[in-house]
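Containing CSV, C-alpha atoms and all ligand atoms: my_file_15.csv.
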```csv
chain,number,residue,atom,x,y,z
A,291,MET,CA,-1.4,-12.7,-4.4
A,292,ASN,CA,1.5,-14.5,-2.9
A,293,HIS,CA,2.0,-18.1,-4.0
A,294,ASN,CA,4.3,-20.2,-1.9
A,295,VAL,CA,5.0,-23.9,-2.3
A,296,SER,CA,6.7,-25.2,0.9
A,297,SER,CA,7.8,-28.4,2.3
A,298,SER,CA,8.1,-29.6,5.9
A,299,SER,CA,10.3,-32.4,7.4
A,300,ASN,CA,8.3,-33.2,10.5
A,301,VAL,CA,6.0,-35.7,8.8
A,302,SER,CA,6.4,-39.3,9.6
A,303,LEU,CA,4.2,-41.7,7.6
A,304,MET,CA,5.4,-44.7,9.6
A,305,LEU,CA,4.5,-43.7,13.2
A,306,PRO,CA,1.1,-43.0,14.6
A,307,SER,CA,0.4,-39.4,15.4
A,308,ILE,CA,0.3,-38.5,19.1
A,309,LEU,CA,-2.4,-36.0,18.3
A,310,GLU,CA,-4.8,-38.9,17.9
A,311,LEU,CA,-4.8,-39.6,21.6
A,312,SER,CA,-7.4,-38.2,24.0
A,313,ARG,CA,-6.0,-36.8,27.2
A,314,GLN,CA,-6.8,-40.0,29.1
A,315,SER,CA,-5.2,-42.2,26.4
A,316,LEU,CA,-2.1,-40.0,26.4
A,317,THR,CA,-1.8,-40.5,30.2
A,318,ASP,CA,-2.3,-44.3,29.8
A,319,SER,CA,0.4,-44.4,27.2
A,320,ILE,CA,2.8,-42.4,29.3
A,321,LEU,CA,2.2,-44.6,32.4
A,322,GLU,CA,2.8,-47.7,30.2
A,323,MET,CA,6.1,-46.1,29.1
A,324,GLY,CA,7.1,-46.1,32.8
A,325,GLU,CA,6.8,-42.3,33.3
A,326,LYS,CA,5.0,-40.5,36.1
A,327,LYS,CA,1.5,-39.1,35.5
A,328,PHE,CA,2.6,-35.4,35.7
A,329,ARG,CA,4.8,-36.0,32.7
A,330,SER,CA,1.6,-36.5,30.7
A,331,ASP,CA,0.4,-33.0,31.7
A,332,GLN,CA,3.8,-31.6,30.7
A,333,LEU,CA,3.6,-33.4,27.4
A,334,TRP,CA,0.0,-32.2,26.8
A,335,ARG,CA,1.1,-28.6,27.4
A,336,SER,CA,4.1,-28.9,25.1
A,337,LEU,CA,1.8,-30.3,22.3
A,338,TYR,CA,-1.2,-28.0,22.6
A,339,HIS,CA,-0.1,-24.9,24.5
A,340,ASP,CA,3.5,-24.5,23.3
A,341,VAL,CA,2.6,-26.1,20.0
A,342,SER,CA,6.1,-27.7,19.8
A,343,GLU,CA,6.8,-29.1,16.3
A,344,THR,CA,9.2,-31.8,17.5
A,345,PHE,CA,9.8,-33.9,20.7
A,346,GLU,CA,13.3,-32.6,20.8
A,347,GLU,CA,12.2,-29.1,21.6
A,348,MET,CA,10.1,-30.1,24.6
A,349,SER,CA,12.7,-29.0,27.1
A,350,THR,CA,10.5,-29.7,30.2
A,351,LEU,CA,10.8,-33.5,29.4
A,352,SER,CA,13.9,-35.6,30.0
A,353,LYS,CA,16.0,-36.5,27.1
A,354,PRO,CA,15.4,-40.3,27.4
A,355,PHE,CA,11.7,-39.7,27.6
A,356,ARG,CA,11.8,-37.5,24.5
A,357,ASN,CA,13.8,-40.2,22.7
A,358,SER,CA,11.2,-42.8,23.6
A,359,LEU,CA,8.4,-40.6,22.4
A,360,ARG,CA,10.1,-40.0,19.1
A,361,GLU,CA,10.5,-43.8,18.6
A,362,LYS,CA,6.8,-44.4,19.3
A,363,TYR,CA,5.0,-41.4,17.8
A,364,SER,CA,5.0,-38.7,15.2
A,365,ILE,CA,3.3,-35.3,16.0
A,366,SER,CA,1.5,-33.9,13.0
A,367,THR,CA,0.7,-35.9,9.9
A,368,LEU,CA,-0.1,-32.8,7.9
A,369,LYS,CA,2.3,-31.5,5.3
A,370,GLU,CA,1.7,-28.1,3.9
A,371,VAL,CA,2.1,-28.2,0.2
A,372,MET,CA,0.8,-24.8,-0.8
A,373,LEU,CA,0.2,-21.5,0.9
A,374,LEU,CA,-1.7,-18.6,-0.7
A,375,THR,CA,-2.0,-15.2,0.8
A,376,SER,CA,-4.5,-12.6,-0.3
A,377,SER,CA,-3.2,-9.3,-1.6
A,378,ASP,CA,-4.4,-7.4,1.5
A,379,ARG,CA,-2.6,-10.1,3.7
A,380,THR,CA,-5.7,-10.7,5.8
A,381,THR,CA,-6.4,-14.1,4.6
A,382,SER,CA,-4.2,-17.1,3.9
A,383,LYS,CA,-5.0,-20.5,2.8
A,384,SER,CA,-3.0,-23.7,3.3
A,385,LEU,CA,-3.3,-26.8,1.3
A,386,TYR,CA,-2.2,-29.9,3.3
A,387,ARG,CA,-1.4,-33.3,2.1
A,388,LEU,CA,-2.4,-36.0,4.6
A,389,GLY,CA,-0.4,-39.2,5.3
A,390,ASP,CA,-2.3,-41.1,2.7
A,391,GLY,CA,-2.0,-38.4,0.1
A,392,GLU,CA,-5.4,-36.8,0.5
A,393,LEU,CA,-5.6,-33.0,0.2
A,394,ILE,CA,-7.4,-30.7,2.6
A,395,GLU,CA,-7.6,-26.9,3.1
A,396,THR,CA,-7.4,-24.7,6.1
A,397,VAL,CA,-7.9,-20.9,6.0
A,398,MET,CA,-6.8,-18.2,8.4
A,399,MET,CA,-8.6,-14.9,8.5
A,400,ARG,CA,-7.3,-11.9,10.3
A,401,TYR,CA,-9.6,-9.2,11.6
A,402,GLU,CA,-8.4,-5.9,13.0
A,403,SER,CA,-10.0,-4.5,16.2
A,404,ASP,CA,-13.1,-2.5,15.2
A,405,GLY,CA,-13.7,-0.7,18.5
A,406,HIS,CA,-16.3,-3.2,19.6
A,407,ARG,CA,-14.3,-6.4,19.1
A,408,ARG,CA,-10.6,-7.0,19.7
A,409,ASN,CA,-8.2,-8.3,17.0
A,410,ARG,CA,-9.2,-11.8,16.0
A,411,LYS,CA,-7.5,-14.6,14.1
A,412,THR,CA,-10.0,-17.2,12.9
A,413,ALA,CA,-9.0,-20.6,11.7
A,414,CYS,CA,-11.4,-22.2,9.3
A,415,ILE,CA,-10.8,-26.0,9.3
A,416,SER,CA,-11.8,-29.1,7.4
A,417,THR,CA,-13.3,-32.2,8.9
A,418,GLN,CA,-13.5,-34.5,5.8
A,419,ALA,CA,-11.4,-35.0,2.7
A,420,GLY,CA,-14.1,-34.2,0.1
A,421,CYS,CA,-17.8,-34.3,1.0
A,422,ALA,CA,-20.7,-36.6,0.1
A,423,LEU,CA,-23.4,-34.0,0.3
A,424,GLY,CA,-23.0,-32.6,-3.1
A,425,CYS,CA,-24.2,-29.0,-2.7
A,426,THR,CA,-24.1,-27.6,-6.2
A,427,PHE,CA,-22.6,-24.3,-5.3
A,428,CYS,CA,-19.6,-25.8,-3.5
A,429,ALA,CA,-16.3,-26.9,-5.0
A,430,THR,CA,-15.8,-29.6,-2.4
A,431,GLY,CA,-19.3,-31.0,-3.1
A,432,GLN,CA,-18.4,-31.2,-6.7
A,433,GLN,CA,-15.4,-33.3,-6.0
A,434,GLY,CA,-17.1,-36.1,-4.1
A,435,PHE,CA,-16.3,-37.8,-0.7
A,436,ARG,CA,-12.9,-39.2,0.1
A,437,ARG,CA,-12.8,-39.9,3.8
A,438,ASN,CA,-13.4,-38.6,7.3
A,439,LEU,CA,-10.5,-36.8,9.0
A,440,THR,CA,-9.1,-38.2,12.2
A,441,VAL,CA,-9.1,-36.1,15.5
A,442,GLY,CA,-5.4,-35.5,15.0
A,443,GLU,CA,-5.9,-34.3,11.5
A,444,ILE,CA,-8.6,-31.9,12.6
A,445,VAL,CA,-6.7,-30.5,15.6
A,446,GLY,CA,-3.4,-30.5,13.7
A,447,GLN,CA,-4.8,-27.8,11.4
A,448,VAL,CA,-5.5,-25.5,14.3
A,449,ILE,CA,-2.0,-26.3,15.8
A,450,ASP,CA,-0.4,-25.3,12.5
A,451,MET,CA,-2.4,-22.1,12.4
A,452,GLN,CA,-1.6,-21.4,16.0
A,453,ARG,CA,2.2,-21.5,15.2
A,454,VAL,CA,1.6,-19.0,12.4
A,455,ALA,CA,-0.6,-16.8,14.6
A,456,ILE,CA,1.9,-16.7,17.5
A,457,ALA,CA,4.8,-15.9,15.2
A,458,GLU,CA,2.8,-13.0,13.7
A,459,ASP,CA,1.9,-11.7,17.2
A,460,ARG,CA,5.5,-11.9,18.3
A,461,ALA,CA,6.7,-10.0,15.2
A,462,GLN,CA,4.1,-7.3,15.9
A,463,ILE,CA,5.4,-7.0,19.5
A,464,ASP,CA,9.0,-6.8,18.3
A,465,GLY,CA,7.9,-4.1,15.8
A,466,GLY,CA,6.1,-2.1,18.6
A,467,ARG,CA,2.7,-2.7,16.9
A,468,ARG,CA,1.3,-4.8,19.8
A,469,SER,CA,1.8,-4.5,23.6
A,470,LYS,CA,4.2,-6.8,25.3
A,471,GLY,CA,2.6,-10.0,26.6
A,472,GLU,CA,-0.2,-9.7,24.1
A,473,VAL,CA,0.4,-13.0,22.3
A,474,GLN,CA,-3.2,-14.1,21.4
A,475,GLY,CA,-2.6,-16.8,18.7
A,476,VAL,CA,-5.8,-18.2,17.1
A,477,THR,CA,-8.8,-16.7,18.8
A,478,ASN,CA,-11.6,-18.4,17.0
A,479,VAL,CA,-12.2,-21.7,15.2
A,480,VAL,CA,-14.9,-22.3,12.6
A,481,PHE,CA,-15.7,-25.8,11.3
A,482,MET,CA,-16.6,-24.5,7.9
A,483,GLY,CA,-13.8,-25.9,5.7
A,484,MET,CA,-14.1,-29.0,3.5
A,485,GLY,CA,-16.7,-31.6,4.6
A,486,GLU,CA,-19.7,-31.8,6.8
A,487,PRO,CA,-18.6,-31.8,10.5
A,488,LEU,CA,-21.7,-33.6,11.8
A,489,ALA,CA,-21.2,-36.4,9.3
A,490,ASN,CA,-17.9,-37.0,11.1
A,491,TYR,CA,-19.6,-36.5,14.5
A,492,LYS,CA,-17.4,-38.4,16.9
A,493,ASN,CA,-14.1,-36.9,15.7
A,494,THR,CA,-15.5,-33.4,15.5
A,495,ILE,CA,-16.7,-33.6,19.1
A,496,SER,CA,-13.4,-35.1,20.3
A,497,ALA,CA,-11.5,-32.3,18.4
A,498,ILE,CA,-13.7,-29.6,20.0
A,499,ARG,CA,-12.9,-31.0,23.5
A,500,VAL,CA,-9.1,-30.9,22.7
A,501,LEU,CA,-9.4,-27.3,21.3
A,502,ASN,CA,-11.3,-26.2,24.4
A,503,ASP,CA,-8.9,-27.7,27.0
A,504,GLY,CA,-7.7,-25.0,29.3
A,505,GLN,CA,-4.2,-26.4,29.6
A,506,GLY,CA,-3.8,-26.6,25.8
A,507,LEU,CA,-5.0,-24.4,23.0
A,508,ASN,CA,-7.7,-23.0,25.3
A,509,ILE,CA,-10.1,-21.9,22.6
A,510,GLY,CA,-13.3,-20.9,24.4
A,511,ALA,CA,-16.4,-22.9,23.4
A,512,ARG,CA,-18.1,-19.6,22.5
A,513,HIS,CA,-15.3,-18.9,20.0
A,514,ILE,CA,-15.9,-22.2,18.3
A,515,THR,CA,-18.5,-22.5,15.5
A,516,VAL,CA,-19.7,-25.7,13.9
A,517,SER,CA,-21.4,-25.4,10.6
A,518,THR,CA,-23.8,-28.0,9.3
A,519,VAL,CA,-26.1,-28.4,6.3
A,520,GLY,CA,-28.7,-29.7,8.8
A,521,LEU,CA,-28.2,-33.3,9.7
A,522,ILE,CA,-31.2,-33.5,12.1
A,523,PRO,CA,-30.3,-36.5,14.3
A,524,GLU,CA,-26.8,-35.1,14.9
A,525,ILE,CA,-28.1,-31.6,15.7
A,526,LEU,CA,-30.4,-33.1,18.4
A,527,LYS,CA,-27.4,-35.2,19.7
A,528,LEU,CA,-25.2,-32.0,19.8
A,529,ALA,CA,-27.9,-30.3,21.9
A,530,ASP,CA,-27.1,-33.0,24.6
A,531,GLU,CA,-23.3,-32.6,24.6
A,532,ASP,CA,-23.3,-29.7,27.0
A,533,LEU,CA,-21.0,-27.6,24.8
A,534,GLN,CA,-21.5,-23.8,24.7
A,535,ILE,CA,-20.3,-23.7,21.1
A,536,ASN,CA,-22.0,-21.8,18.2
A,537,LEU,CA,-24.1,-23.8,15.8
A,538,ALA,CA,-24.4,-22.4,12.2
A,539,ILE,CA,-26.9,-24.0,9.8
A,540,SER,CA,-26.3,-23.7,6.0
A,541,LEU,CA,-29.8,-22.9,5.0
A,542,HIS,CA,-29.5,-21.1,1.6
A,543,ALA,CA,-33.2,-21.3,0.7
A,544,PRO,CA,-36.5,-20.7,2.5
A,545,ASP,CA,-38.5,-23.6,0.9
A,546,ASN,CA,-38.0,-27.2,-0.1
A,547,VAL,CA,-38.2,-26.7,-3.9
A,548,THR,CA,-35.5,-24.1,-4.0
A,549,ARG,CA,-33.3,-25.7,-1.3
A,550,SER,CA,-33.4,-29.2,-3.0
A,551,GLN,CA,-32.2,-27.6,-6.2
A,552,THR,CA,-28.8,-26.8,-4.7
A,553,MET,CA,-28.7,-29.0,-1.6
A,554,PRO,CA,-29.6,-32.7,-2.1
A,555,VAL,CA,-29.6,-33.2,1.7
A,556,ASN,CA,-32.8,-31.3,1.8
A,557,LYS,CA,-34.7,-34.3,0.4
A,558,ARG,CA,-33.6,-36.3,3.5
A,559,TYR,CA,-34.2,-33.4,6.0
A,560,PRO,CA,-36.7,-30.9,4.6
A,561,VAL,CA,-36.8,-27.3,5.7
A,562,GLN,CA,-39.6,-27.3,8.2
A,563,GLU,CA,-38.3,-30.5,10.0
A,564,LEU,CA,-34.9,-28.8,10.1
A,565,ILE,CA,-36.3,-25.6,11.6
A,566,ASN,CA,-38.3,-27.7,14.2
A,567,ALA,CA,-35.0,-29.4,15.2
A,568,CYS,CA,-33.4,-25.9,15.5
A,569,HIS,CA,-36.2,-24.9,17.9
A,570,LYS,CA,-35.4,-27.9,20.0
A,571,TYR,CA,-31.7,-27.2,19.9
A,572,ALA,CA,-32.2,-23.5,20.9
A,573,ASP,CA,-34.7,-24.5,23.7
A,574,LYS,CA,-32.2,-27.0,25.1
A,575,THR,CA,-29.0,-25.1,24.9
A,576,LYS,CA,-30.4,-21.5,25.2
A,577,ARG,CA,-28.0,-20.6,22.4
A,578,ARG,CA,-28.7,-18.4,19.4
A,579,ILE,CA,-28.5,-20.3,16.1
A,580,PHE,CA,-26.7,-18.8,13.1
A,581,PHE,CA,-28.1,-19.3,9.7
A,582,GLU,CA,-25.8,-19.1,6.7
A,583,TYR,CA,-27.5,-18.0,3.6
A,584,VAL,CA,-25.3,-17.9,0.5
A,585,LEU,CA,-27.0,-15.5,-1.9
A,586,LEU,CA,-27.1,-16.9,-5.4
A,587,LYS,CA,-28.1,-14.5,-8.2
A,588,ASP,CA,-31.7,-15.2,-9.5
A,589,GLN,CA,-31.8,-18.4,-7.5
A,590,ASN,CA,-32.6,-17.5,-3.9
A,591,ASP,CA,-32.1,-13.8,-3.6
A,592,SER,CA,-35.6,-12.3,-4.4
A,593,ILE,CA,-37.4,-10.1,-1.9
A,594,GLU,CA,-40.3,-12.7,-1.8
A,595,GLN,CA,-37.8,-15.4,-0.7
A,596,ALA,CA,-36.4,-13.0,2.0
A,597,GLN,CA,-40.0,-12.6,3.3
A,598,LYS,CA,-40.6,-16.3,3.2
A,599,LEU,CA,-37.3,-16.8,5.2
A,600,GLY,CA,-38.5,-14.2,7.7
A,601,ARG,CA,-41.7,-16.1,8.3
A,602,LEU,CA,-39.9,-19.4,8.5
A,603,LEU,CA,-37.5,-18.1,11.2
A,604,ASN,CA,-40.0,-16.0,13.1
A,605,GLY,CA,-39.9,-16.9,16.8
A,606,LEU,CA,-36.5,-18.6,16.7
A,607,HIS,CA,-33.5,-17.1,18.6
A,608,CYS,CA,-31.3,-16.7,15.6
A,609,HIS,CA,-29.1,-14.5,13.4
A,610,VAL,CA,-28.8,-14.8,9.6
A,611,ASN,CA,-25.5,-14.3,7.8
A,612,LEU,CA,-26.1,-13.3,4.2
A,613,ILE,CA,-23.1,-14.3,2.0
A,614,PRO,CA,-22.9,-13.2,-1.6
A,615,VAL,CA,-21.6,-16.4,-3.2
A,616,ASN,CA,-17.9,-16.9,-4.1
A,617,PRO,CA,-18.3,-18.3,-7.6
A,618,THR,CA,-16.6,-21.6,-8.3
A,619,ALA,CA,-14.9,-22.4,-11.6
A,620,GLY,CA,-17.5,-24.9,-12.8
A,621,GLY,CA,-20.5,-23.6,-10.8
A,622,PRO,CA,-23.6,-22.2,-12.5
A,623,PHE,CA,-24.2,-19.3,-10.2
A,624,GLU,CA,-23.2,-15.6,-10.1
A,625,ARG,CA,-22.7,-13.3,-7.1
A,626,THR,CA,-25.6,-11.3,-5.9
A,627,ASP,CA,-24.7,-7.6,-5.9
A,628,LEU,CA,-24.6,-5.5,-2.7
A,629,ILE,CA,-27.8,-3.6,-3.6
A,630,SER,CA,-29.8,-6.8,-4.0
A,631,ALA,CA,-28.2,-8.2,-0.8
A,632,LYS,CA,-29.4,-5.1,1.1
A,633,SER,CA,-33.0,-5.4,-0.1
A,634,PHE,CA,-33.0,-9.1,0.9
A,635,GLN,CA,-31.8,-7.9,4.3
A,636,GLY,CA,-34.7,-5.4,4.3
A,637,GLY,CA,-37.2,-8.3,3.7
A,638,LEU,CA,-35.9,-10.2,6.7
A,639,LYS,CA,-36.1,-7.1,8.8
A,640,GLN,CA,-39.8,-6.9,8.2
A,641,TYR,CA,-40.1,-10.0,10.3
A,642,GLY,CA,-37.7,-8.9,13.0
A,643,ILE,CA,-34.9,-11.3,11.9
A,644,PRO,CA,-31.4,-9.8,12.5
A,645,SER,CA,-28.9,-10.3,9.8
A,646,THR,CA,-25.4,-9.3,8.6
A,647,ILE,CA,-24.2,-9.1,5.0
A,648,ARG,CA,-20.8,-10.9,5.1
A,649,MET,CA,-18.6,-10.3,2.1
A,650,GLU,CA,-16.4,-13.3,1.9
A,651,LYS,CA,-12.7,-12.8,2.7
A,652,GLY,CA,-10.0,-14.0,0.4
A,653,ILE,CA,-11.8,-13.7,-2.9
A,654,ASP,CA,-8.5,-13.4,-4.8
A,655,ILE,CA,-7.2,-16.7,-3.3
A,656,ASN,CA,-10.2,-18.8,-3.8
A,657,ALA,CA,-11.0,-19.0,-0.1
A,658,GLY,CA,-14.4,-20.6,-0.6
A,659,CYS,CA,-14.4,-24.2,0.6
A,660,GLY,CA,-12.8,-26.7,-1.7
A,661,GLN,CA,-11.5,-24.2,-4.2
A,662,LEU,CA,-7.8,-24.3,-3.4
A,663,ARG,CA,-7.8,-28.1,-3.6
A,664,GLU,CA,-9.5,-27.9,-7.0
A,665,ARG,CA,-7.0,-25.4,-8.2
A,666,ALA,CA,-4.0,-27.3,-6.8
A,667,ILE,CA,-5.1,-30.4,-8.5
A,668,ASP,CA,-5.2,-28.4,-11.7
A,669,ILE,CA,-1.7,-27.1,-11.0
A,670,PHE,CA,-0.3,-30.5,-10.0
A,671,ASN,CA,-1.8,-32.0,-13.2
A,672,ASN,CA,-0.3,-29.5,-15.6
B,701,LIG,S1,-21.2,-26.9,1.3
B,701,LIG,FE1,-20.4,-28.2,3.0
B,701,LIG,S2,-21.9,-29.9,3.0
B,701,LIG,FE2,-22.2,-28.9,1.1
B,701,LIG,S3,-21.0,-30.1,-0.4
B,701,LIG,FE3,-19.7,-28.3,0.4
B,701,LIG,S4,-18.6,-29.1,2.1
B,701,LIG,FE4,-20.3,-30.6,1.7
```
Would you encode the structure as structure tokens?
Amino acid sequence: MNHNVSSSSNVSLMLPSILELSRQSLTDSILEMGEKKFRSDQLWRSLYHDVSETFEEMSTLSKPFRNSLREKYSISTLKEVMLLTSSDRTTSKSLYRLGDGELIETVMMRYESDGHRRNRKTACISTQAGCALGCTFCATGQQGFRRNLTVGEIVGQVIDMQRVAIAEDRAQIDGGRRSKGEVQGVTNVVFMGMGEPLANYKNTISAIRVLNDGQGLNIGARHITVSTVGLIPEILKLADEDLQINLAISLHAPDNVTRSQTMPVNKRYPVQELINACHKYADKTKRRIFFEYVLLKDQNDSIEQAQKLGRLLNGLHCHVNLIPVNPTAGGPFERTDLISAKSFQGGLKQYGIPSTIRMEKGIDINAGCGQLRERAIDIFNN
């Protein structure tokens, strides 16, 4: 494991971040500054396509304009205070300090081409500092809610990952391990870091629209996944957004008794009502729904529970990801072994429900949500 504490000088606590502005607000601000509208497009491209770290390096803009921008705005308000890289170098996890001192985590996972799919770099981003939903298997849930992240703080994580990804692509091209012109950057974004994205609905949707913008980061909607514990009103609202993103539901149990033991949100939105909402979502969007099912040893991993889950999901256009749990320091659960995970998968198959066993990446760097922050607080406190 590599452990690297770094500092960055591009954080201004005084000026508002330009990443908080929608494309329209950015244009309005540029016009107010006496510049022409096309400058706004150039600026947008510098921010989100070129991922410039400073206004100074935006060479398509005039010097006086860059100076005016610098006096008015900062760019990112995230400061990376810790970086961990897994021993196989496929996963890295950044801990960021926000302008007000809150800590959040972002993970990057690198996947080699497997013949069916090309190389991918997936950024797993946070939408809240802490989380109010209190799932018992989750380190973030055990830390409590701090606040919602702003649009700029959500998008800022992807921009930072994009800089890293582009630098890696270029190094591979220089080393002859990648074809010339094959700078991909971040290919996928998953909203699966700290917090519940749909509890920060407005900023999550605004951030998706920025990520998806073809003149900026240009992350295709089908390469963006939002994960929720199942906030029914927001799932139904999301169905009306006309976004072709992927929706993942953290289900983790096939019945109310078991689910309520680890996910307090289930008392508000019970299993059957949640699945009914999923049917409505799938009917409206024509999109397949992903179910995340963290396997907890002796809690939700029996063959009977697999069959119950199969019956529950029967008839729904869906796919189940089975995830043997990444144990947290204070958590009560152990990891389900691979043999038990495979028999659980067999139980689902009896009902025709497709599933994948997904071993979590980055085990040696505590890549499960909230675990780096927990550990950093330990480190900072000692
Ligand atoms: S699993 Fe997600 S929703 Fe549950 S406590 Fe953790 S961050 Fe919150």
Next item on the list: Check every protein, DNA and RNA residue against ligand LIG 701 (chain B), keep those with an atom at most 7 Å away (counting only C-alpha atoms and all ligand atoms), and present them as number ranges by chain.
Entry: A: 421-425, 428-432, 483-486, 518-519, 659
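Between atom CA of A:Gly600 and atom CA of A:Ala543 the interatomic distance comes to 11.3 Å.
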ask   = If you count all atoms listed in the file, which residues fall within 12 Å of A:Leu541, apart from same-chain ones fewer than 3 positions away, as a PyMOL selection string?
value = chain A and resi 425+517-521+538+544-546+548-550+552-553+555-556+559-562+564-565+568+579-585+590+599+602-603+609-613
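Around the coordinate (-28.8, -12.6, -6.8), residues that reach within 7 Å when counting only C-alpha atoms are Leu585, Leu586, Lys587, Asp588, Gln589, Asn590, Asp591, Arg625, Thr626, Asp627 and Ser630 of chain A.
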Margin query: Excluding A:Thr477 and its own-chain neighbours fewer than 5 positions away, which residues fall within 10 Å of it when counting all atoms listed in the file? Please give them as a PyMOL selection string.
Written below: chain A and resi 400+408-413+452+455+507-510+513-514
Write out as JSON lines a residue-level contact list of stretch 334-363 of chain A versus stretch 304-311 of chain A with cut-off 10 Å: for each qualifying residue the closest pair of atoms and the distance in Å to one decimal, counting all atoms listed in the file, rows sorted by chain and residue number upward.
```
{"residue": "A:Trp334", "atom": "CA", "partner": "A:Leu309", "partner_atom": "CA", "distance": 9.6}
{"residue": "A:Leu337", "atom": "CA", "partner": "A:Leu309", "partner_atom": "CA", "distance": 8.1}
{"residue": "A:Tyr338", "atom": "CA", "partner": "A:Leu309", "partner_atom": "CA", "distance": 9.2}
{"residue": "A:Leu359", "atom": "CA", "partner": "A:Ile308", "partner_atom": "CA", "distance": 9.0}
{"residue": "A:Arg360", "atom": "CA", "partner": "A:Leu305", "partner_atom": "CA", "distance": 8.9}
{"residue": "A:Glu361", "atom": "CA", "partner": "A:Leu305", "partner_atom": "CA", "distance": 8.1}
{"residue": "A:Lys362", "atom": "CA", "partner": "A:Leu305", "partner_atom": "CA", "distance": 6.6}
{"residue": "A:Tyr363", "atom": "CA", "partner": "A:Leu305", "partner_atom": "CA", "distance": 5.2}
```
Which residues are close to A:Gln635, i.e. within 10 Å by all atoms listed in the file, leaving aside same-chain residues fewer than 3 positions away? Reply as a short mmCIF file (atom, residue, chain, number, x, y, z; two decimals) with C-alpha atoms, in the frame of the given file.
```cif
data_model
loop_
_atom_site.label_atom_id
_atom_site.label_comp_id
_atom_site.auth_asym_id
_atom_site.auth_seq_id
_atom_site.Cartn_x
_atom_site.Cartn_y
_atom_site.Cartn_z
CA ASP A 591 -32.10 -13.80 -3.60
CA ILE A 593 -37.40 -10.10 -1.90
CA ALA A 596 -36.40 -13.00 2.00
CA GLN A 597 -40.00 -12.60 3.30
CA GLY A 600 -38.50 -14.20 7.70
CA VAL A 610 -28.80 -14.80 9.60
CA ASN A 611 -25.50 -14.30 7.80
CA LEU A 612 -26.10 -13.30 4.20
CA ILE A 629 -27.80 -3.60 -3.60
CA SER A 630 -29.80 -6.80 -4.00
CA ALA A 631 -28.20 -8.20 -0.80
CA LYS A 632 -29.40 -5.10 1.10
CA LEU A 638 -35.90 -10.20 6.70
CA LYS A 639 -36.10 -7.10 8.80
CA GLN A 640 -39.80 -6.90 8.20
CA ILE A 643 -34.90 -11.30 11.90
CA PRO A 644 -31.40 -9.80 12.50
CA SER A 645 -28.90 -10.30 9.80
CA THR A 646 -25.40 -9.30 8.60
CA ILE A 647 -24.20 -9.10 5.00
#
```
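Between atom CA of A:Gln433 and atom CA of A:Ser496 the interatomic distance comes to 26.4 Å.
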Leaving out stretch 383-389 of chain A and any residue of its chain fewer than 2 positions from it, which residues lie within 6 Å of it when counting all atoms listed in the file, given as a short mmCIF file (atom, residue, chain, number, x, y, z; two decimals) with C-alpha atoms, keeping the file's coordinate frame?
```
data_model
loop_
_atom_site.label_atom_id
_atom_site.label_comp_id
_atom_site.auth_asym_id
_atom_site.auth_seq_id
_atom_site.Cartn_x
_atom_site.Cartn_y
_atom_site.Cartn_z
CA LEU A 303 4.20 -41.70 7.60
CA THR A 367 0.70 -35.90 9.90
CA LEU A 368 -0.10 -32.80 7.90
CA LYS A 369 2.30 -31.50 5.30
CA GLU A 370 1.70 -28.10 3.90
CA VAL A 371 2.10 -28.20 0.20
CA MET A 372 0.80 -24.80 -0.80
CA LEU A 373 0.20 -21.50 0.90
CA LEU A 374 -1.70 -18.60 -0.70
CA GLY A 391 -2.00 -38.40 0.10
CA GLU A 392 -5.40 -36.80 0.50
CA LEU A 393 -5.60 -33.00 0.20
CA ILE A 394 -7.40 -30.70 2.60
CA GLU A 395 -7.60 -26.90 3.10
CA THR A 396 -7.40 -24.70 6.10
CA VAL A 397 -7.90 -20.90 6.00
#
```
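With distances taken over all atoms listed in the file, A:Asp331 is the one residue among A:Asp331, A:Glu346, A:Glu443, A:Glu402 lying closest to A:Asp503.
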The distance between atom CA of A:Ile539 and atom CA of A:His569 is 12.4 Å
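Distances from A:Leu501, A:Val476, A:Leu488, A:Ile444 to A:Thr417 were compared using only C-alpha atoms, and the smallest one belongs to A:Ile444.
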Could you list as an MDAnalysis selection string every residue that has an atom within 10 Å of (2.8, -24.7, 23.6), using the file's coordinates and counting all atoms listed in the file? chainID A and resid 332:343 348 449 452:453 505:507
| request: Would you mind listing what lies within 6 Å of A:Thr381 as number ranges by chain, with all atoms listed in the file counted and same-chain residues fewer than 4 positions away left out? | output: A: 375-376, 398-399, 652
